[in-house]
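Taking it in order: structure first as structure tokens, then the write-up.
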Amino acid sequence: MSSTGTPEIDADELQQLRARAGRGLRVAVVASRWHARVMDGLIGGAHRFLEQIGVDDVTLLRAPGSFELPLIAARAAETHDAVVALGVVVRGGTPHFDYVCQAATDGLTEASLRTSTPMGFGVLTVDDDQQALDRAGLEGSTEDKGFEAAHAAVATRAVLDALD
């Protein structure tokens, strides 16, 4: 299971992230429209984390699909301190899955490096709907990848700020 090894957010880190949020932190959550139930869970998880640390300035942007996430995330990076990219790609019987996953991964990586804006990667790449539900942060889910992606984006922003 992919949750093995998931880092804990200890009290010191939580305090640091709350302090960073208190200095004003603008976060964009860019979310695909496919697989509405799973996406609702991922978006909810991202919002739960951002609320936990006190981020008030959150913009939700909806992408038609996971393939379009990098373009919207790159544009959002121009006006936000961090971006959380959320999507779901379920393997089917054609190579389409591979193309969309590769495009989303490469595009988000390139956008983050080009803009120097952290992008939490919450794109689920799964074999079936149940795997997506298990990771969506819904009641009965074993993981909360939206929460984890928001944490990754904000924690990376805090590290980058410390380097300045």
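Chain identifiers are assigned as A, B, and so on, following the order in which chains appear in the structure tokens; residues are numbered from 1 within each chain, and ligands are numbered from 1 in order of appearance.
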
Per-residue DSSP, range 8-155 of chain A, filtered to helix (DSSP H, G or I), as a PyMOL selection string: chain A and resi 11-22+36-53+66-77+96-115+129-135+145-155

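The environment of Glu68 in chain A within 12 Å, counting only C-alpha atoms and disregarding residues fewer than 4 places along the same chain, consists of Val30, Ala31, Ser32, Arg33, Trp34, Leu61, Arg62, Ala63, Pro64, Ile72, Ala73, Ala74, Arg75, Ala85, Leu86, Gly87, Val100, Cys101, Ala103, Ala104, Thr105, Asp106, Gly107, Leu108 and Val123 of chain A.
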
Write out as an MDAnalysis selection string each polymer residue whose atoms come within 12 Å of range 39-42 of chain A, counting only C-alpha atoms; drop sequence neighbours fewer than 5 positions from it. chainID A and resid 29:34 47:49 60 62:63 65:66 84:89 121:124 129 132:141 143:150

Identify which of the residues A:Asp128, A:Ala152, A:Arg37, A:Glu51 lies closest to Arg18 in chain A, counting only C-alpha atoms when measuring atom-to-atom distances. A:Glu51

Neighbour list for Ala82 in chain A as a PyMOL selection string, cut-off 6 Å, only C-alpha atoms, skip fewer than 5 positions in-chain: chain A and resi 27+117-118+153

Go ahead and save the residues from that selection, with N, CA and C atoms, as a PDB file, in the first residue's frame.
ATOM      1  N   VAL A  27      -2.889  30.167  -2.027  1.00  0.00           N
ATOM      2  CA  VAL A  27      -2.787  28.811  -2.565  1.00  0.00           C
ATOM      3  C   VAL A  27      -3.886  28.587  -3.601  1.00  0.00           C
ATOM      4  N   THR A 117       7.482  27.745  -8.231  1.00  0.00           N
ATOM      5  CA  THR A 117       6.318  27.668  -7.353  1.00  0.00           C
ATOM      6  C   THR A 117       6.052  26.204  -7.020  1.00  0.00           C
ATOM      7  N   PRO A 118       5.988  25.869  -5.747  1.00  0.00           N
ATOM      8  CA  PRO A 118       5.711  24.479  -5.364  1.00  0.00           C
ATOM      9  C   PRO A 118       4.352  24.020  -5.878  1.00  0.00           C
ATOM     10  N   ALA A 153       2.813  20.935  -0.935  1.00  0.00           N
ATOM     11  CA  ALA A 153       2.958  22.248  -1.577  1.00  0.00           C
ATOM     12  C   ALA A 153       3.352  23.319  -0.559  1.00  0.00           C
TER      13      ALA A 153
END

Using the chain letters and numbers from this document, which residues of range 12-160 of chain A does DSSP assign to strand (DSSP E), as a count of residues only? 31

Please, what distance in Å, to one decimal, runs between CA of Met119 in chain A and CA of Leu14 in chain A? 19.0 Å

For Arg20 in chain A, list every protein, DNA or RNA residue within 10 Å, evaluated using only C-alpha atoms, and leave out those in the same chain fewer than 2 positions away; present the list as a PyMOL selection string. chain A and resi 14-18+22-25+53-55+154-155+157-158+161

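Closest approach to Phe67 in chain A from the set A:Arg91, A:His151, A:Arg26, A:His96 is made by A:His96, with distances taken over only C-alpha atoms.
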
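The interatomic distance for the pair CA of Gly45 in chain A and CA of Asp10 in chain A works out to 18.1 Å.
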